[in-house]
Amino acid sequence: MEKIGCIDIGTNSVRILGLEKVNQDNFIPIMRGMEIIRPGKGVAINKRLTADSIEAVKAVLKRFKESGERLGIDKYYAVCTSAIRDAENREEFLNTLLETVDMPVKILSGEEEAVLTFMGAVYGEPLKGIQTLVIDIGGGSTEIIMGKGCDILNFKSINIGAVRMTERFILTDPIMIKEYKGMLNSIRQDIRESILEIKQQERDIDLVIGVGGTITTLAAILLRMRFYDPEKISGFSFSLNQLKAIIDDLLSKDIEERKKIPGLQPKRADIIPAGAGILLVMMEELGLKHVKVKDSDLLMGMAIKIFQDDKMWMI
């Protein structure tokens with residue numbers, strides 16, 4: 001059976017999803033991994049990836065390859081998203097990875113990222129006649145994708161993310177309410193045009209799916225997960241009121257107290273208030289009362305595309 005490793009080098013973390021193909025439409029996970037090393041730290045301000053970040057990514061990819069090879073994975077497909085896309089030294093970064101890790105890496109455009117995220121998010125959903133909105137909050141950007149059935153009708157990639165907003169706005173600990181409200185107001189301004197276009201074009205939303213580290217973390221907090229379980233996360237729903245309660249709790253704590261919250265990985269404790277704020281604004285502006293959480297996202301979309309056609313880089 002064919003086995004592949006799909007890797008996402010994001011603004012906040014580097015992730016791998018290893019899968020084994022059962023048939024054309026069915027494949028099973030055989031490996032999952034994530035390391036929060038913040039590859040895009042400082043890119044929003046300095047427009048460059050740091051030497052430390054590049055070295056950290058190289059080390060993680062080497063570890064992922066070693067683990068994957070023990071499971072029989074011999075093909076790896078890696079992509080980069082928002083922060084690397086914005087970095088002025090991105091070509092240097094890609095060449096370094098090719099030379100030292102022997103792994104070609106593709107920088108996804110906003111459109112490619114949206115397509116793969118939608119494919120992964122709706123995987124396994126009964127979509128016939130269903131209009132679905134997918135929200136993916138990453139470290140550097142947020143994708144909003146509207147689709148009907150398996151077809152994408154509209155998408156937006158906006159340069160707001162949990163890391164990017166934290167670096168720009170969160171300067172105090174505990175976070176000052178005035179500071180947090182200033183961030184929310186900025187997010188509203190940044191998304192206003194995109195939200196207005198979605199409202200004008202697509203009025204009926206049958207299903208809202210949330211993916212990405214921010215949203216799965218919020219679900220894990222609500223489930224009080226001691227250990228992350230993707231099967232319990234996928235399909236779990238939470239409400240706007242539950243989200244507001246989480247935000248109130250986050251803002252009442254300093255960072256060391258947030259690190260002790262069940263379900264919250266300590267390395268996300270600094271950025272989760274900003275990520276939750278992005279989702280809050282999205283839900284309020286679009287009039288959403290609930291969001292269904294999926295653990296399958298960009299990485300699953302990559303796998304679907306690769307198994308359909310190995311020329312994945314042509315998307």
# chains A, B, ... in the order shown; residues from 1 in each chain; ligands from 1
>>> residues_around(residues="A:Leu250", least_positions_apart="4", cutoff="10 Å", atoms="only C-alpha atoms", output="list in words")
Pro174, Ile175, Lys244, Ala245, Ile246, Asp254, Ile255, Glu257, Arg258, Ile261, Ala269, Asp270, Ile272, Pro273 and Ala276 of chain A
>>> write_last_selection(atoms="N, CA and C atoms", output="short mmCIF file (atom, residue, chain, number, x, y, z; two decimals), in the first residue's frame")
data_model
loop_
_atom_site.label_atom_id
_atom_site.label_comp_id
_atom_site.auth_asym_id
_atom_site.auth_seq_id
_atom_site.Cartn_x
_atom_site.Cartn_y
_atom_site.Cartn_z
N PRO A 174 -1.34 40.22 32.84
CA PRO A 174 -2.51 39.79 32.06
C PRO A 174 -2.88 40.83 30.99
N ILE A 175 -3.65 40.38 30.02
CA ILE A 175 -4.01 41.25 28.91
C ILE A 175 -5.00 42.31 29.36
N LYS A 244 -17.43 33.00 24.07
CA LYS A 244 -17.31 34.21 24.89
C LYS A 244 -16.88 33.87 26.32
N ALA A 245 -17.39 32.76 26.84
CA ALA A 245 -17.02 32.35 28.20
C ALA A 245 -15.54 31.97 28.27
N ILE A 246 -15.04 31.30 27.25
CA ILE A 246 -13.61 30.95 27.21
C ILE A 246 -12.77 32.21 27.18
N ASP A 254 -3.18 35.38 33.83
CA ASP A 254 -1.92 35.72 33.18
C ASP A 254 -1.43 34.49 32.42
N ILE A 255 -0.32 34.62 31.72
CA ILE A 255 0.11 33.54 30.83
C ILE A 255 0.45 32.26 31.59
N GLU A 257 -0.92 31.19 34.32
CA GLU A 257 -2.20 30.58 34.70
C GLU A 257 -2.87 29.94 33.50
N ARG A 258 -2.76 30.60 32.33
CA ARG A 258 -3.36 30.02 31.12
C ARG A 258 -2.70 28.69 30.75
N ILE A 261 -4.51 25.58 31.98
CA ILE A 261 -5.88 25.27 31.58
C ILE A 261 -5.91 23.91 30.88
N ALA A 269 -0.38 29.17 24.89
CA ALA A 269 -1.01 30.01 25.91
C ALA A 269 -0.91 31.50 25.60
N ASP A 270 0.15 31.90 24.88
CA ASP A 270 0.30 33.33 24.58
C ASP A 270 -0.56 33.78 23.41
N ILE A 272 -3.49 32.04 22.13
CA ILE A 272 -4.89 31.60 22.06
C ILE A 272 -5.89 32.74 22.30
N PRO A 273 -5.59 33.76 23.14
CA PRO A 273 -6.57 34.85 23.25
C PRO A 273 -6.80 35.57 21.92
N ALA A 276 -8.81 33.21 19.57
CA ALA A 276 -10.22 33.18 19.98
C ALA A 276 -10.92 34.47 19.59
#
>>> closest_atom_pairs(of="stretch 211-248 of chain A", to="stretch 153-164 of chain A", cutoff="12 Å", atoms="only C-alpha atoms", output="Markdown table")
| residue | atom | partner | partner_atom | distance |
| --- | --- | --- | --- | --- |
| A:Gly212 | CA | A:Ala162 | CA | 10.7 |
| A:Gly213 | CA | A:Ala162 | CA | 9.3 |
| A:Thr214 | CA | A:Ala162 | CA | 7.5 |
| A:Ile215 | CA | A:Ala162 | CA | 10.8 |
>>> residues_around(residues="stretch 26-29 of chain A", least_positions_apart="2", cutoff="10 Å", atoms="only C-alpha atoms", output="list of chain:residue names")
A:Met1, A:Glu2, A:Lys3, A:Ile4, A:Gly5, A:Leu17, A:Gly18, A:Leu19, A:Glu20, A:Lys21, A:Val22, A:Asn23, A:Gln24, A:Met31, A:Arg32, A:Gly124, A:Met300, A:Ala303, A:Ile304, A:Phe307
>>> atom_distance(atom1="atom CA of A:Leu264", atom2="atom CA of A:Ser13")
14.9 Å
>>> residues_around(residues="A:Asp102", least_positions_apart="3", cutoff="12 Å", atoms="only C-alpha atoms", output="ChimeraX atom specification")
/A:58,61-62,65,75-78,94-99,105
>>> atom_distance(atom1="atom CA of A:Val211", atom2="atom CA of A:Glu35")
17.6 Å
>>> select_by_dssp(residues="stretch 14-235 of chain A", states="strand (DSSP E)", output="ChimeraX atom specification")
/A:14-23,26-35,75-80,105-107,131-137,142-148,151-158,207-211
>>> closest_residue(among="A:Val281, A:Leu286, A:Ala274, A:Leu218", to="A:Glu167", atoms="only C-alpha atoms")
A:Ala274
>>> atom_distance(atom1="atom CA of A:Met302", atom2="atom CA of A:Leu116")
6.0 Å
>>> closest_residue(among="A:Gly147, A:Gly120, A:Gly10, A:Pro126", to="A:Val43", atoms="only C-alpha atoms")
A:Gly10
>>> residues_around(residues="stretch 86-91 of chain A", least_positions_apart="4", cutoff="8 Å", atoms="only C-alpha atoms", output="list of chain:residue names")
A:Val43, A:Ala44, A:Lys47, A:Arg48, A:Leu49, A:Ser82, A:Asn95
>>> write_last_selection(atoms="C-alpha atoms", output="CSV table (one decimal), in the first residue's frame")
chain,number,residue,atom,x,y,z
A,43,VAL,CA,7.8,38.0,10.1
A,44,ALA,CA,4.8,40.3,10.4
A,47,LYS,CA,9.4,40.6,6.9
A,48,ARG,CA,12.2,37.9,7.3
A,49,LEU,CA,12.5,34.4,8.7
A,82,SER,CA,1.2,32.6,5.4
A,95,ASN,CA,16.9,26.2,-0.9
>>> select_by_dssp(residues="stretch 81-208 of chain A", states="alpha helix (DSSP H)", output="tab-separated table (two decimals) with C-alpha atoms, in the first residue's frame")
chain	number	residue	atom	x	y	z
A	82	SER	CA	1.22	32.62	5.41
A	83	ALA	CA	4.45	33.65	7.19
A	84	ILE	CA	6.81	31.97	4.73
A	85	ARG	CA	4.71	33.33	1.87
A	86	ASP	CA	5.28	36.84	3.24
A	90	ARG	CA	11.65	32.68	1.49
A	91	GLU	CA	13.74	31.46	-1.48
A	92	GLU	CA	16.80	31.13	0.76
A	93	PHE	CA	14.62	29.15	3.18
A	94	LEU	CA	13.36	26.78	0.47
A	95	ASN	CA	16.86	26.19	-0.94
A	96	THR	CA	18.20	25.44	2.52
A	97	LEU	CA	15.52	22.81	3.11
A	98	LEU	CA	16.13	21.20	-0.27
A	99	GLU	CA	19.88	21.01	0.35
A	100	THR	CA	19.85	19.86	3.97
A	101	VAL	CA	16.67	17.81	4.34
A	110	GLY	CA	-3.89	31.95	-0.71
A	111	GLU	CA	-6.11	30.29	-3.31
A	112	GLU	CA	-4.27	26.95	-3.14
A	113	GLU	CA	-4.39	27.01	0.65
A	114	ALA	CA	-8.15	27.65	0.55
A	115	VAL	CA	-8.79	24.81	-1.91
A	116	LEU	CA	-6.83	22.24	0.10
A	117	THR	CA	-8.29	23.41	3.41
A	118	PHE	CA	-11.85	23.09	2.09
A	119	MET	CA	-11.15	19.61	0.68
A	120	GLY	CA	-9.79	18.47	4.03
A	121	ALA	CA	-12.50	20.11	6.14
A	162	ALA	CA	-3.17	34.18	16.11
A	163	VAL	CA	0.58	34.86	16.00
A	164	ARG	CA	0.32	37.94	13.82
A	165	MET	CA	-2.34	39.58	16.02
A	166	THR	CA	-0.52	38.68	19.23
A	167	GLU	CA	2.69	40.29	18.00
A	168	ARG	CA	0.84	43.42	16.93
A	169	PHE	CA	-1.53	43.96	19.85
A	177	ILE	CA	-9.27	44.72	28.27
A	178	LYS	CA	-8.65	48.00	26.41
A	179	GLU	CA	-5.77	46.37	24.51
A	180	TYR	CA	-7.88	43.34	23.62
A	181	LYS	CA	-10.80	45.47	22.42
A	182	GLY	CA	-8.38	47.44	20.24
A	183	MET	CA	-7.32	44.16	18.61
A	184	LEU	CA	-10.94	43.13	18.02
A	185	ASN	CA	-11.70	46.48	16.39
A	186	SER	CA	-8.69	46.08	14.08
A	187	ILE	CA	-9.83	42.57	13.12
A	188	ARG	CA	-13.32	43.89	12.29
A	189	GLN	CA	-11.80	46.50	9.99
A	190	ASP	CA	-9.51	43.95	8.33
A	191	ILE	CA	-12.31	41.47	7.57
A	192	ARG	CA	-15.12	43.93	6.83
A	193	GLU	CA	-14.79	43.88	3.04
A	194	SER	CA	-14.48	40.09	2.84
A	195	ILE	CA	-17.43	39.50	5.17
A	196	LEU	CA	-19.60	41.97	3.25
A	197	GLU	CA	-18.86	40.18	-0.02
A	198	ILE	CA	-19.76	36.80	1.45
A	199	LYS	CA	-23.00	38.19	2.89
A	200	GLN	CA	-23.98	39.74	-0.45
A	201	GLN	CA	-23.23	36.64	-2.52
>>> residues_around(residues="A:Lys128", least_positions_apart="4", cutoff="9 Å", atoms="only C-alpha atoms", output="list in words")
Lys148, Gly149 and Cys150 of chain A
>>> write_last_selection(atoms="N, CA and C atoms", output="mmCIF file, in the first residue's frame")
data_model
loop_
_atom_site.group_PDB
_atom_site.id
_atom_site.type_symbol
_atom_site.label_atom_id
_atom_site.label_comp_id
_atom_site.auth_asym_id
_atom_site.auth_seq_id
_atom_site.Cartn_x
_atom_site.Cartn_y
_atom_site.Cartn_z
ATOM 1 N N LYS A 148 -20.563 24.797 -2.025
ATOM 2 C CA LYS A 148 -21.823 24.051 -2.112
ATOM 3 C C LYS A 148 -21.496 22.667 -2.638
ATOM 4 N N GLY A 149 -21.893 21.649 -1.866
ATOM 5 C CA GLY A 149 -21.431 20.315 -2.199
ATOM 6 C C GLY A 149 -19.916 20.288 -2.078
ATOM 7 N N CYS A 150 -19.240 19.811 -3.118
ATOM 8 C CA CYS A 150 -17.775 19.769 -3.123
ATOM 9 C C CYS A 150 -17.170 20.949 -3.872
#
>>> closest_residue(among="A:Leu71, A:Ile170, A:Val60, A:Ile45", to="A:Gly140", atoms="only C-alpha atoms")
A:Ile45
>>> closest_residue(among="A:Ile145, A:Val208, A:Leu222, A:Ile306", to="A:His290", atoms="only C-alpha atoms")
A:Val208
>>> decode(residues="stretch 131-179 of chain A", atoms="N, CA and C atoms", output="compact mmCIF listing (two decimals), in the first residue's frame")
# COMPACT_ATOMS: atom_id res chain seq x y z
N GLN A 131 -24.73 23.84 1.66
CA GLN A 131 -23.84 25.00 1.53
C GLN A 131 -23.02 25.11 2.82
N THR A 132 -21.71 25.05 2.68
CA THR A 132 -20.81 24.95 3.83
C THR A 132 -19.87 26.14 3.87
N LEU A 133 -19.69 26.69 5.07
CA LEU A 133 -18.69 27.72 5.31
C LEU A 133 -17.58 27.12 6.16
N VAL A 134 -16.34 27.21 5.67
CA VAL A 134 -15.18 26.71 6.41
C VAL A 134 -14.35 27.89 6.88
N ILE A 135 -14.01 27.89 8.16
CA ILE A 135 -13.15 28.92 8.74
C ILE A 135 -11.88 28.25 9.25
N ASP A 136 -10.74 28.72 8.78
CA ASP A 136 -9.44 28.18 9.20
C ASP A 136 -8.60 29.33 9.76
N ILE A 137 -8.42 29.34 11.07
CA ILE A 137 -7.62 30.38 11.72
C ILE A 137 -6.22 29.83 11.98
N GLY A 138 -5.24 30.36 11.27
CA GLY A 138 -3.87 29.93 11.45
C GLY A 138 -3.07 30.93 12.25
N GLY A 139 -1.76 30.75 12.23
CA GLY A 139 -0.90 31.66 12.95
C GLY A 139 -0.73 33.00 12.26
N GLY A 140 -0.70 32.95 10.91
CA GLY A 140 -0.46 34.18 10.16
C GLY A 140 -1.62 34.67 9.34
N SER A 141 -2.54 33.78 8.99
CA SER A 141 -3.67 34.19 8.15
C SER A 141 -4.92 33.41 8.54
N THR A 142 -6.04 33.91 8.07
CA THR A 142 -7.32 33.24 8.26
C THR A 142 -7.97 33.05 6.90
N GLU A 143 -8.42 31.82 6.65
CA GLU A 143 -9.10 31.51 5.39
C GLU A 143 -10.59 31.33 5.66
N ILE A 144 -11.40 31.95 4.80
CA ILE A 144 -12.86 31.77 4.83
C ILE A 144 -13.25 31.22 3.48
N ILE A 145 -13.85 30.03 3.47
CA ILE A 145 -14.18 29.37 2.21
C ILE A 145 -15.65 28.96 2.22
N MET A 146 -16.38 29.39 1.20
CA MET A 146 -17.78 29.01 1.05
C MET A 146 -17.89 28.02 -0.10
N GLY A 147 -18.60 26.94 0.14
CA GLY A 147 -18.79 25.95 -0.91
C GLY A 147 -20.18 25.37 -0.90
N LYS A 148 -20.56 24.80 -2.02
CA LYS A 148 -21.82 24.05 -2.11
C LYS A 148 -21.50 22.67 -2.64
N GLY A 149 -21.89 21.65 -1.87
CA GLY A 149 -21.43 20.32 -2.20
C GLY A 149 -19.92 20.29 -2.08
N CYS A 150 -19.24 19.81 -3.12
CA CYS A 150 -17.78 19.77 -3.12
C CYS A 150 -17.17 20.95 -3.87
N ASP A 151 -18.01 21.85 -4.36
CA ASP A 151 -17.53 22.97 -5.18
C ASP A 151 -17.34 24.23 -4.34
N ILE A 152 -16.21 24.90 -4.52
CA ILE A 152 -15.96 26.16 -3.84
C ILE A 152 -16.63 27.30 -4.60
N LEU A 153 -17.41 28.09 -3.87
CA LEU A 153 -18.11 29.23 -4.47
C LEU A 153 -17.36 30.54 -4.27
N ASN A 154 -16.69 30.65 -3.13
CA ASN A 154 -16.03 31.90 -2.78
C ASN A 154 -14.98 31.61 -1.71
N PHE A 155 -13.87 32.31 -1.74
CA PHE A 155 -12.89 32.16 -0.68
C PHE A 155 -12.17 33.48 -0.44
N LYS A 156 -11.70 33.64 0.79
CA LYS A 156 -10.93 34.81 1.16
C LYS A 156 -9.78 34.36 2.05
N SER A 157 -8.59 34.87 1.78
CA SER A 157 -7.43 34.65 2.65
C SER A 157 -7.04 36.02 3.20
N ILE A 158 -7.15 36.18 4.52
CA ILE A 158 -6.95 37.47 5.16
C ILE A 158 -5.73 37.40 6.08
N ASN A 159 -4.89 38.40 6.03
CA ASN A 159 -3.66 38.41 6.82
C ASN A 159 -3.90 38.76 8.29
N ILE A 160 -4.75 37.97 8.92
CA ILE A 160 -4.91 38.04 10.38
C ILE A 160 -4.78 36.62 10.90
N GLY A 161 -3.96 36.44 11.91
CA GLY A 161 -3.76 35.12 12.48
C GLY A 161 -3.39 35.26 13.95
N ALA A 162 -3.38 34.14 14.67
CA ALA A 162 -3.17 34.18 16.11
C ALA A 162 -1.79 34.73 16.48
N VAL A 163 -0.76 34.35 15.72
CA VAL A 163 0.58 34.86 16.00
C VAL A 163 0.70 36.31 15.57
N ARG A 164 0.21 36.58 14.37
CA ARG A 164 0.32 37.94 13.82
C ARG A 164 -0.39 38.97 14.71
N MET A 165 -1.60 38.66 15.17
CA MET A 165 -2.34 39.58 16.02
C MET A 165 -1.72 39.71 17.40
N THR A 166 -1.19 38.62 17.91
CA THR A 166 -0.52 38.68 19.23
C THR A 166 0.69 39.61 19.17
N GLU A 167 1.49 39.45 18.12
CA GLU A 167 2.69 40.29 18.00
C GLU A 167 2.34 41.76 17.83
N ARG A 168 1.22 42.02 17.18
CA ARG A 168 0.84 43.42 16.93
C ARG A 168 0.16 44.08 18.11
N PHE A 169 -0.63 43.32 18.88
CA PHE A 169 -1.53 43.96 19.85
C PHE A 169 -1.35 43.53 21.30
N ILE A 170 -0.93 42.30 21.55
CA ILE A 170 -0.92 41.80 22.93
C ILE A 170 0.43 42.11 23.57
N LEU A 171 0.45 43.15 24.38
CA LEU A 171 1.70 43.65 24.96
C LEU A 171 1.73 43.55 26.47
N THR A 172 0.59 43.22 27.10
CA THR A 172 0.53 43.19 28.57
C THR A 172 0.19 41.79 29.06
N ASP A 173 0.50 41.53 30.31
CA ASP A 173 0.21 40.24 30.93
C ASP A 173 -0.09 40.47 32.42
N PRO A 174 -1.34 40.22 32.84
CA PRO A 174 -2.51 39.79 32.06
C PRO A 174 -2.88 40.83 30.99
N ILE A 175 -3.65 40.38 30.02
CA ILE A 175 -4.01 41.25 28.91
C ILE A 175 -5.00 42.31 29.36
N MET A 176 -4.71 43.56 29.06
CA MET A 176 -5.63 44.64 29.40
C MET A 176 -6.85 44.59 28.48
N ILE A 177 -8.03 44.78 29.05
CA ILE A 177 -9.27 44.72 28.27
C ILE A 177 -9.24 45.76 27.14
N LYS A 178 -8.73 46.95 27.43
CA LYS A 178 -8.65 48.00 26.41
C LYS A 178 -7.78 47.55 25.24
N GLU A 179 -6.68 46.89 25.54
CA GLU A 179 -5.77 46.37 24.51
C GLU A 179 -6.47 45.31 23.65
